[in-house]
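In what follows, a structure is listed as structure tokens, so that the remarks can point back to it.
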2 protein chains.
Amino acid sequence: MENRQKKKATIYDLSVLSGSSPSTVSAVLNGTWQKRRIKESTAKLIRGLAEEHQYTANLQARGLRSSRSGLVALLLPVHDNRYFSSMAQTFEAHVRGRGQCPIVVSACRDPEEERQTVEQLIAYSIDELIVAGATDPDGVYEVCAGSGIKLVNIDLPGTKAPSVISDNYQGGRLLTEAIVRHFNADDPLQADDLYLFGGRDDHASRERIRGFRAIKRELMDGDADRCIVPTGYSPRTAQTAFEQFYEREGRLPRGLFVNSSINFEGLLRFMAHHPNEMFADIVVGCYDYDPFGSFLPFPVIMIRQDVDGMITKAFDLMSESRPAIRTHVVQPELVPPRTALQGPLDAIKDIE
Amino acid sequence: MENRQKKKATIYDLSVLSGSSPSTVSAVLNGTWQKRRIKESTAKLIRGLAEEHQYTANLQARGLRSSRSGLVALLLPVHDNRYFSSMAQTFEAHVRGRGQCPIVVSACRDPEEERQTVEQLIAYSIDELIVAGATDPDGVYEVCAGSGIKLVNIDLPGTKAPSVISDNYQGGRLLTEAIVRHFNADDPLQADDLYLFGGRDDHASRERIRGFRAIKRELMDGDADRCIVPTGYSPRTAQTAFEQFYEREGRLPRGLFVNSSINFEGLLRFMAHHPNEMFADIVVGCYDYDPFGSFLPFPVIMIRQDVDGMITKAFDLMSESRPAIRTHVVQPELVPPRTALQGPLDAIKDIE
DNA sequence: ATTCATTGCACCATCGATTGTGCAATTTTG
DNA sequence: CAAAATTGCACAATCGATGGTGCAATGAAT
């Protein structure tokens with residue numbers, strides 16, 4: 001009854017109740033009381049009152065005074081795929097582990113939205129920011145410049161802040177090679193039957209394409225520009241690309257390198273209009289891992305990026321005082337078909 | 001050069017530069033200047049200076065003064081599955097549409113974590129909060145009580161705040177019936193060959209189970225408690241349950257109602273240790289939709305909950321001044337096998 | 001030429017916590 | 001017992017924005 005009051009208690013309320021000054025209350029409740037030589041008994045009294053009245057600090061006030069907030073943000077392009085959602089999950093675990101408050105926002109892969117969102121975050125005095133897969137990382141940097149925010153790019157590199165990315169070239173190589181080798185020696189995959197679909201003109205796509213071409217040249221007799229079909233990161237445009245190919249050729253390529261699980265959803269949409277038999281002889285390599293994708297009716301080889309490794313590295317960089325502006329590369333992992341890997345959810349304790 | 005200063009400009013800086021008072025600057029920049037009868041020319045001058053010096057309001061200060069923040073939060077159990085990640089995506093679009101700032105956090109399905117997280121959010125003067133799939137919605141309410149936050153439960157209902165949930169009973173019926181009817185008449189599914197795996201003792205699971213049993217009684221000759229195997233929402237425990245069943249019976253049930261896509265991942269893990277042939281005669285119904293899950297090598301029928309409908313309803317409720325404490329029910333949708341539905345990502349414009 | 005209304009803005013208290021500084025009371029030292 | 005050192009805390013400025021109130025200057029009405 002008594003502690004179901006309407007307004008939240010402040011240090012001033014507790015100050016009156018305890019007979020101490022607000023600054024004493026503040027010191028006791030934020031842990032600096034030893035430094036201020038507050039008596040243990042005083043501290044105990046105040047802590048008791050705080051407990052009794054359910055005191056919680058007004059973090060906006062604290063943030064205003066100290067120009068910090070305890071908030072750590074992750075800016076994603078989108079939430080709705082397993083790569084980024086596992087990144088969010090991993091990120092939260094890390095931030096909580098450091099005793100801070102994680103928040104996740106997305107900016108729809110829109111440079112203007114990215115900048116505006118970050119501006120908002122800065123206005124809330126976010127302490128640290130991880131920008132994942134930004135369309136314009138350096139634009140984000142400009143917004144952050146001079147705000148004192150710690151900034152690390154992840155997934156796509158920038159030139160103004162430290163970055164942590166996957167080795168997309170190596171991943172592209174691994175995946176392409178695995179596709180090629182998945183075919184039997186008696187009916188090997190031909191160079192003009194191995195296509196790459198998806199992605200756009202960003203660093204990750206370029207590197208993966210570079211790896212794709214390198215393997216094609218090394219393992220097969222050639223490569224061609226028409227074997228590369230960038231579609232942007234969208235299911236719809238990818239679907240269109242598959243359908244156009246099918247219109248033209250009457251079939252799909254036997255070897256398909258799909259540049260992201262988002263583009264893979266375009267292939268699903270295509271599949272919905274065609275029977276499974278059409279995919280009998282096909283091998284798909286997908287950059288990014290999705291557990292369900294791994295068990296489709298045809299062989300699906302996937303690349304899992306080391307999200308935990310990247311996030312860990314990003315926080316390492318943030319804890320450095322003046323991290324070098326360079327790009328750190330983390331190795332991704334090849335995932336054979338029909339593989340159910342553990343993910344960040346496995347770290348969560350189950351009740352039930 | 002000159003606008004690359006180290007510290008952010010404040011209304012006091014602009015006040016000096018413009019020769020007006022801070023309150024005038026404030027009024028001009030927050031839009032209340034008409035009400036305060038500021039001259040158009042003064043306003044224009046100040047807006048120009050603000051632009052030039054890249055002024056952005058300190059939202060912590062504003063929030064402190066006005067005890068509002070412009071932040072709207074979504075509290076999820078976890079990020080890393082398509083149901084909740086699409087919820088995050090949809091939520092963000094709605095909040096941005098209202099000109100506010102969305103933030104998403106997760107609390108790992110841990111009641112204590114839920115309460116602590118919400119306490120933090122309140123400390124930042126979050127204006128509105130949607131709590132999705134909370135283990136203890138009423139516990140969250142207690143924390144919010146008297147803070148003036150607008151609160152709506154979603155996915156799992158509470159008794160202290162308005163709630164929006166799926167019609168899980170109806171969804172359970174739909175899904176169970178679809179599983180049964182997917183078998184041929186010449187070799188129909190028997191009651192003791194239709195199992196439900198996953199979920200726990202929450203409202204959603206209970207309702208789905210109720211629907212499951214109702215259909216079993218209506219369409220088949222019986223039902224049995226042993227056909228229901230709650231595992232909690234975790235891939236690992238679900239996997240164990242499938243493996244134990246397999247140990248015991250030497251096979252899986254022909255009809256499988258899997259209570260969430262998270263539990264379905266447990267089936268994937270089981271699949272990784274067994275050949276596809278084992279699943280030749282199986283029909284799976286999964287509560288929650290995952291596009292990749294829909295295309296597995298056996299028929300997978302899914303339920304898609306109307307996330308957009310639920311979020312829309314939730315915001316409708318929030319905009320009411322004193323919404324009734326009741327539970328609103330939204331109809332879910334049955335998704336036949338091999339179906340690639342559009343999702344919230346389709347609303348995002350593509351830049352190629 | 002007064003009086004009154006309107007315009008246009010400045011002043012100041014306030015939101016709740018942090019932190020540098022000062023000082024009385026107590027304890028220690030010589 | 002006086003001087004010095006330490007303990008324990010209060011005071012007050014501050015962070016940046018908001019909004020109620022007051023007041024001078026200008027124009028309108030009588």
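FYI, nothing fancy with the structure tokens labels: chains A, B, ... in order, residues from 1 per chain, ligands from 1 as they appear.
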Give me the residues near DA10 in chain C as JSON, numbers by chain, where near means some atom within 9 Å (using only C-alpha atoms (C1' of nucleotides)) and where sequence neighbours in that chain fewer than 6 positions away do not count. {"B": [20, 21, 22, 23, 24], "D": [23]}
Export N, CA and C atoms (P, O5', C5', C4', C3', O3' and C1' of nucleotides) of the chosen residues as a compact mmCIF listing (two decimals), in the first residue's frame?
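What ended up in again_12.txt:
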# COMPACT_ATOMS: atom_id res chain seq x y z
N SER B 20 19.08 36.05 -28.86
CA SER B 20 17.80 35.82 -28.19
C SER B 20 18.03 35.05 -26.89
N SER B 21 16.97 34.85 -26.16
CA SER B 21 17.11 34.11 -24.92
C SER B 21 17.03 32.62 -25.21
N PRO B 22 17.56 31.81 -24.30
CA PRO B 22 17.47 30.36 -24.47
C PRO B 22 16.05 29.88 -24.65
N SER B 23 15.13 30.46 -23.93
CA SER B 23 13.75 29.97 -24.04
C SER B 23 13.20 30.24 -25.43
N THR B 24 13.58 31.35 -26.01
CA THR B 24 13.15 31.62 -27.38
C THR B 24 13.74 30.59 -28.33
P DC D 23 6.33 42.71 -13.86
O5' DC D 23 7.22 43.51 -14.89
C5' DC D 23 8.28 42.85 -15.60
C4' DC D 23 8.38 43.43 -17.00
C3' DC D 23 7.62 44.76 -17.18
O3' DC D 23 8.40 45.62 -17.96
C1' DC D 23 6.97 43.27 -18.83
Show me a table, sorted first by chain and then by increasing residue number, of the residues of chain A having an atom at most 10 Å from chain D, each with its shortest atom pair and the distance in Å to one decimal, counting only C-alpha atoms (C1' of nucleotides) and written as JSON lines.
{"residue": "A:Ser20", "atom": "CA", "partner": "D:DC9", "partner_atom": "C1'", "distance": 8.1}
{"residue": "A:Ser21", "atom": "CA", "partner": "D:DA10", "partner_atom": "C1'", "distance": 6.3}
{"residue": "A:Pro22", "atom": "CA", "partner": "D:DA10", "partner_atom": "C1'", "distance": 8.9}
{"residue": "A:Ser23", "atom": "CA", "partner": "D:DA10", "partner_atom": "C1'", "distance": 8.1}
{"residue": "A:Thr24", "atom": "CA", "partner": "D:DC9", "partner_atom": "C1'", "distance": 7.3}
{"residue": "A:Arg36", "atom": "CA", "partner": "D:DG8", "partner_atom": "C1'", "distance": 8.4}
{"residue": "A:Arg37", "atom": "CA", "partner": "D:DG8", "partner_atom": "C1'", "distance": 6.3}
{"residue": "A:Ile38", "atom": "CA", "partner": "D:DG8", "partner_atom": "C1'", "distance": 5.9}
{"residue": "A:Lys39", "atom": "CA", "partner": "D:DG8", "partner_atom": "C1'", "distance": 6.8}
{"residue": "A:Thr42", "atom": "CA", "partner": "D:DG8", "partner_atom": "C1'", "distance": 9.8}
{"residue": "A:Ala61", "atom": "CA", "partner": "D:DC15", "partner_atom": "C1'", "distance": 8.4}
{"residue": "A:Arg62", "atom": "CA", "partner": "D:DC15", "partner_atom": "C1'", "distance": 9.0}
{"residue": "A:Gly63", "atom": "CA", "partner": "D:DC15", "partner_atom": "C1'", "distance": 8.5}
{"residue": "A:Leu64", "atom": "CA", "partner": "D:DC15", "partner_atom": "C1'", "distance": 5.2}
{"residue": "A:Arg65", "atom": "CA", "partner": "D:DC15", "partner_atom": "C1'", "distance": 4.3}
{"residue": "A:Ser66", "atom": "CA", "partner": "D:DC15", "partner_atom": "C1'", "distance": 7.3}
{"residue": "A:Ser67", "atom": "CA", "partner": "D:DC15", "partner_atom": "C1'", "distance": 7.6}
For chain C against chain A, which residues fall within 10 Å using only C-alpha atoms (C1' of nucleotides), given as JSON, numbers by chain? {"C": [15, 16, 17, 18, 19]}
Just want the 12 Å neighbourhood of Val283 in chain A, counted on only C-alpha atoms (C1' of nucleotides), with same-chain residues fewer than 2 positions away dropped. Output as a PyMOL selection string. chain A and resi 175-184+188-189+193-195+252-258+278-281+285-286+294+296-302+336-337
Enumerate the residues of range 136-309 of chain B with a DSSP assignment of strand (DSSP E or B), computed from the backbone, and present them as a short mmCIF file (atom, residue, chain, number, x, y, z; two decimals) with all heavy atoms, in the first residue's frame.
data_model
loop_
_atom_site.label_atom_id
_atom_site.label_comp_id
_atom_site.auth_asym_id
_atom_site.auth_seq_id
_atom_site.Cartn_x
_atom_site.Cartn_y
_atom_site.Cartn_z
N LYS B 150 2.68 3.65 -20.95
CA LYS B 150 1.62 2.90 -21.62
C LYS B 150 2.14 1.50 -21.90
O LYS B 150 3.21 1.34 -22.48
CB LYS B 150 1.26 3.59 -22.93
CG LYS B 150 0.66 4.96 -22.75
CD LYS B 150 -0.70 5.00 -23.40
CE LYS B 150 -1.46 6.23 -23.02
NZ LYS B 150 -2.89 6.05 -23.31
N LEU B 151 1.37 0.52 -21.49
CA LEU B 151 1.83 -0.86 -21.58
C LEU B 151 0.80 -1.73 -22.27
O LEU B 151 -0.39 -1.65 -21.94
CB LEU B 151 2.08 -1.37 -20.15
CG LEU B 151 2.40 -2.85 -19.97
CD1 LEU B 151 3.74 -3.18 -20.62
CD2 LEU B 151 2.44 -3.19 -18.49
N VAL B 152 1.25 -2.51 -23.22
CA VAL B 152 0.37 -3.50 -23.83
C VAL B 152 1.12 -4.82 -23.93
O VAL B 152 2.29 -4.85 -24.31
CB VAL B 152 -0.08 -3.05 -25.24
CG1 VAL B 152 -0.86 -4.15 -25.93
CG2 VAL B 152 -0.95 -1.80 -25.17
N ASN B 153 0.45 -5.89 -23.54
CA ASN B 153 1.03 -7.22 -23.73
C ASN B 153 0.68 -7.72 -25.11
O ASN B 153 -0.41 -7.46 -25.63
CB ASN B 153 0.46 -8.20 -22.70
CG ASN B 153 0.80 -7.80 -21.29
OD1 ASN B 153 1.96 -7.55 -20.97
ND2 ASN B 153 -0.21 -7.72 -20.44
N ILE B 154 1.57 -8.51 -25.66
CA ILE B 154 1.29 -9.09 -26.95
C ILE B 154 1.80 -10.53 -26.90
O ILE B 154 2.69 -10.84 -26.11
CB ILE B 154 1.96 -8.24 -28.05
CG1 ILE B 154 1.34 -8.48 -29.41
CG2 ILE B 154 3.44 -8.44 -28.08
CD1 ILE B 154 1.79 -7.47 -30.45
N SER B 163 -4.15 -6.75 -23.57
CA SER B 163 -3.33 -7.74 -24.26
C SER B 163 -3.85 -8.00 -25.66
O SER B 163 -5.06 -7.90 -25.91
CB SER B 163 -3.33 -9.06 -23.48
OG SER B 163 -2.94 -8.86 -22.14
N VAL B 164 -2.96 -8.33 -26.53
CA VAL B 164 -3.33 -8.73 -27.89
C VAL B 164 -2.63 -10.04 -28.18
O VAL B 164 -1.39 -10.11 -28.12
CB VAL B 164 -2.87 -7.68 -28.92
CG1 VAL B 164 -3.35 -8.08 -30.31
CG2 VAL B 164 -3.39 -6.29 -28.57
N ILE B 165 -3.39 -11.05 -28.46
CA ILE B 165 -2.78 -12.36 -28.71
C ILE B 165 -3.42 -13.01 -29.93
O ILE B 165 -4.44 -12.56 -30.43
CB ILE B 165 -2.95 -13.31 -27.51
CG1 ILE B 165 -4.44 -13.60 -27.27
CG2 ILE B 165 -2.34 -12.70 -26.26
CD1 ILE B 165 -4.68 -14.67 -26.23
N SER B 166 -2.77 -14.06 -30.39
CA SER B 166 -3.37 -14.86 -31.44
C SER B 166 -4.46 -15.74 -30.87
O SER B 166 -4.46 -16.06 -29.68
CB SER B 166 -2.30 -15.77 -32.05
OG SER B 166 -1.57 -15.11 -33.02
N LEU B 194 -0.26 -39.21 -33.67
CA LEU B 194 -0.25 -37.74 -33.80
C LEU B 194 0.19 -37.13 -32.47
O LEU B 194 -0.55 -37.18 -31.49
CB LEU B 194 -1.65 -37.25 -34.19
CG LEU B 194 -1.84 -35.73 -34.26
CD1 LEU B 194 -0.80 -35.07 -35.15
CD2 LEU B 194 -3.24 -35.40 -34.75
N TYR B 195 1.37 -36.58 -32.47
CA TYR B 195 1.96 -36.07 -31.24
C TYR B 195 2.15 -34.56 -31.31
O TYR B 195 2.33 -33.99 -32.38
CB TYR B 195 3.33 -36.72 -31.00
CG TYR B 195 3.24 -37.99 -30.20
CD1 TYR B 195 2.69 -39.15 -30.75
CD2 TYR B 195 3.71 -38.04 -28.89
CE1 TYR B 195 2.61 -40.32 -30.01
CE2 TYR B 195 3.64 -39.20 -28.15
CZ TYR B 195 3.09 -40.34 -28.71
OH TYR B 195 3.01 -41.48 -27.97
N LEU B 196 2.13 -33.99 -30.13
CA LEU B 196 2.47 -32.58 -30.03
C LEU B 196 3.75 -32.44 -29.21
O LEU B 196 3.83 -32.95 -28.09
CB LEU B 196 1.32 -31.80 -29.37
CG LEU B 196 1.49 -30.28 -29.26
CD1 LEU B 196 0.12 -29.61 -29.33
CD2 LEU B 196 2.20 -29.86 -27.98
N PHE B 197 4.73 -31.77 -29.78
CA PHE B 197 6.00 -31.55 -29.09
C PHE B 197 6.21 -30.06 -28.87
O PHE B 197 5.92 -29.26 -29.74
CB PHE B 197 7.16 -32.08 -29.92
CG PHE B 197 7.35 -33.56 -29.83
CD1 PHE B 197 6.62 -34.42 -30.66
CD2 PHE B 197 8.26 -34.11 -28.93
CE1 PHE B 197 6.81 -35.79 -30.58
CE2 PHE B 197 8.45 -35.48 -28.86
CZ PHE B 197 7.71 -36.34 -29.68
N GLY B 199 6.71 -26.32 -26.43
CA GLY B 199 5.92 -25.41 -25.61
C GLY B 199 6.11 -25.68 -24.14
O GLY B 199 6.87 -26.55 -23.73
N ILE B 228 1.35 -35.73 -25.80
CA ILE B 228 1.72 -34.32 -25.64
C ILE B 228 3.01 -34.24 -24.85
O ILE B 228 3.09 -34.69 -23.71
CB ILE B 228 0.59 -33.56 -24.94
CG1 ILE B 228 -0.60 -33.51 -25.90
CG2 ILE B 228 1.04 -32.16 -24.57
CD1 ILE B 228 -1.82 -32.90 -25.33
N VAL B 229 4.02 -33.68 -25.45
CA VAL B 229 5.35 -33.66 -24.86
C VAL B 229 5.86 -32.23 -24.77
O VAL B 229 6.50 -31.74 -25.70
CB VAL B 229 6.34 -34.51 -25.70
CG1 VAL B 229 7.66 -34.66 -24.96
CG2 VAL B 229 5.74 -35.85 -26.06
N GLY B 232 9.52 -27.04 -23.19
CA GLY B 232 10.06 -25.69 -23.08
C GLY B 232 10.39 -25.17 -24.47
O GLY B 232 10.36 -25.92 -25.45
N GLY B 255 2.48 -38.03 -37.53
CA GLY B 255 1.96 -36.66 -37.49
C GLY B 255 2.57 -35.91 -36.33
O GLY B 255 2.50 -36.35 -35.18
N LEU B 256 3.21 -34.79 -36.62
CA LEU B 256 3.92 -34.06 -35.59
C LEU B 256 3.42 -32.63 -35.52
O LEU B 256 3.52 -31.88 -36.50
CB LEU B 256 5.41 -34.01 -35.92
CG LEU B 256 6.29 -35.18 -35.51
CD1 LEU B 256 7.68 -34.99 -36.08
CD2 LEU B 256 6.35 -35.22 -33.99
N PHE B 257 2.90 -32.26 -34.39
CA PHE B 257 2.54 -30.87 -34.15
C PHE B 257 3.68 -30.28 -33.33
O PHE B 257 3.89 -30.67 -32.19
CB PHE B 257 1.21 -30.83 -33.37
CG PHE B 257 0.65 -29.46 -33.09
CD1 PHE B 257 -0.65 -29.15 -33.48
CD2 PHE B 257 1.39 -28.49 -32.43
CE1 PHE B 257 -1.20 -27.89 -33.21
CE2 PHE B 257 0.84 -27.24 -32.17
CZ PHE B 257 -0.45 -26.94 -32.55
N VAL B 258 4.42 -29.37 -33.94
CA VAL B 258 5.56 -28.78 -33.22
C VAL B 258 5.16 -27.38 -32.76
O VAL B 258 4.71 -26.56 -33.56
CB VAL B 258 6.81 -28.72 -34.12
CG1 VAL B 258 7.97 -28.13 -33.35
CG2 VAL B 258 7.15 -30.10 -34.63
N VAL B 283 4.31 -35.93 -41.61
CA VAL B 283 3.75 -34.59 -41.85
C VAL B 283 3.96 -33.77 -40.58
O VAL B 283 3.63 -34.22 -39.49
CB VAL B 283 2.24 -34.64 -42.16
CG1 VAL B 283 1.68 -33.24 -42.27
CG2 VAL B 283 2.00 -35.42 -43.45
N VAL B 284 4.53 -32.61 -40.76
CA VAL B 284 4.80 -31.76 -39.61
C VAL B 284 3.93 -30.51 -39.67
O VAL B 284 3.78 -29.91 -40.74
CB VAL B 284 6.29 -31.34 -39.55
CG1 VAL B 284 6.52 -30.28 -38.48
CG2 VAL B 284 7.17 -32.55 -39.31
N GLY B 285 3.35 -30.18 -38.56
CA GLY B 285 2.69 -28.90 -38.44
C GLY B 285 3.49 -28.06 -37.46
O GLY B 285 3.84 -28.53 -36.39
N CYS B 286 3.81 -26.87 -37.85
CA CYS B 286 4.62 -26.03 -36.97
C CYS B 286 3.87 -24.75 -36.64
O CYS B 286 3.42 -24.04 -37.55
CB CYS B 286 5.95 -25.69 -37.63
SG CYS B 286 6.98 -24.58 -36.66
N TYR B 287 3.74 -24.50 -35.37
CA TYR B 287 3.12 -23.25 -34.95
C TYR B 287 4.21 -22.18 -35.04
O TYR B 287 5.22 -22.24 -34.35
CB TYR B 287 2.58 -23.33 -33.53
CG TYR B 287 1.34 -22.47 -33.37
CD1 TYR B 287 0.07 -23.03 -33.34
CD2 TYR B 287 1.46 -21.08 -33.32
CE1 TYR B 287 -1.06 -22.23 -33.24
CE2 TYR B 287 0.34 -20.28 -33.22
CZ TYR B 287 -0.92 -20.86 -33.17
OH TYR B 287 -2.04 -20.07 -33.08
N VAL B 300 5.40 -29.65 -44.60
CA VAL B 300 5.39 -28.84 -43.38
C VAL B 300 4.26 -27.82 -43.50
O VAL B 300 4.29 -26.95 -44.38
CB VAL B 300 6.72 -28.11 -43.16
CG1 VAL B 300 6.63 -27.22 -41.93
CG2 VAL B 300 7.87 -29.10 -43.01
N ILE B 301 3.30 -27.96 -42.64
CA ILE B 301 2.20 -27.01 -42.60
C ILE B 301 2.51 -26.03 -41.48
O ILE B 301 2.96 -26.46 -40.41
CB ILE B 301 0.87 -27.74 -42.32
CG1 ILE B 301 0.69 -28.86 -43.35
CG2 ILE B 301 -0.30 -26.77 -42.35
CD1 ILE B 301 -0.28 -29.93 -42.88
N MET B 302 2.28 -24.77 -41.71
CA MET B 302 2.66 -23.82 -40.67
C MET B 302 1.50 -22.89 -40.33
O MET B 302 0.56 -22.73 -41.10
CB MET B 302 3.88 -23.01 -41.12
CG MET B 302 5.05 -23.88 -41.53
SD MET B 302 6.59 -22.96 -41.80
CE MET B 302 7.62 -23.69 -40.53
N ILE B 303 1.62 -22.31 -39.17
CA ILE B 303 0.67 -21.28 -38.78
C ILE B 303 1.44 -19.96 -38.78
O ILE B 303 2.49 -19.86 -38.16
CB ILE B 303 0.14 -21.53 -37.36
CG1 ILE B 303 -0.81 -22.73 -37.35
CG2 ILE B 303 -0.57 -20.29 -36.82
CD1 ILE B 303 -2.18 -22.47 -37.91
N ARG B 304 0.91 -19.02 -39.52
CA ARG B 304 1.50 -17.68 -39.38
C ARG B 304 0.59 -16.82 -38.54
O ARG B 304 -0.57 -16.60 -38.87
CB ARG B 304 1.74 -17.01 -40.71
CG ARG B 304 2.34 -15.62 -40.44
CD ARG B 304 3.02 -15.00 -41.59
NE ARG B 304 2.07 -14.54 -42.59
CZ ARG B 304 2.39 -13.68 -43.55
NH1 ARG B 304 3.63 -13.22 -43.63
NH2 ARG B 304 1.50 -13.32 -44.43
#
Find the spatial neighbours of Val143 in chain B, counting only C-alpha atoms (C1' of nucleotides), within a cut-off of 8 Å - ignore same-chain residues fewer than 4 positions away - and output them as a list in words.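 Near neighbours after the sequence-gap exclusion: Arg115, Val118, Glu119 and Gly139 of chain B.
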Chain B proximity check over A:Gly146, A:Pro162, A:Pro332, A:Gly211, using only C-alpha atoms: winner is A:Gly146
Compile the contact shell of Ser85 in chain B as a ChimeraX atom specification: residues with an atom at most 12 Å away, counting only C-alpha atoms (C1' of nucleotides), same-chain residues fewer than 4 positions apart removed. /A:76,78-89,104-106 /B:74-81,89-92,104-106,132,288-290,307,343-345
If you measure from CA of Gln305 in chain B to CA of Thr240 in chain B, what distance in Å do you get, rounded to one decimal?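 Taking CA of Gln305 in chain B as the start and CA of Thr240 in chain B as the end point, the length is 26.9 Å.
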In Å, rounded to a single decimal, give me how far CA of Arg98 in chain A is from CA of Asp155 in chain A.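 Value for the CA of Asp155 in chain A-CA of Arg98 in chain A distance: 22.1 Å.
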Which of range 102-251 of chain B DSSP labels helix (DSSP H, G or I), written as an MDAnalysis selection string: chainID B and resid 111:123 137:144 168:181 191:193 203:219 225:227 235:249
Quick one, how far is CA of Thr339 in chain A from CA of Gly293 in chain A? 9.5 Å
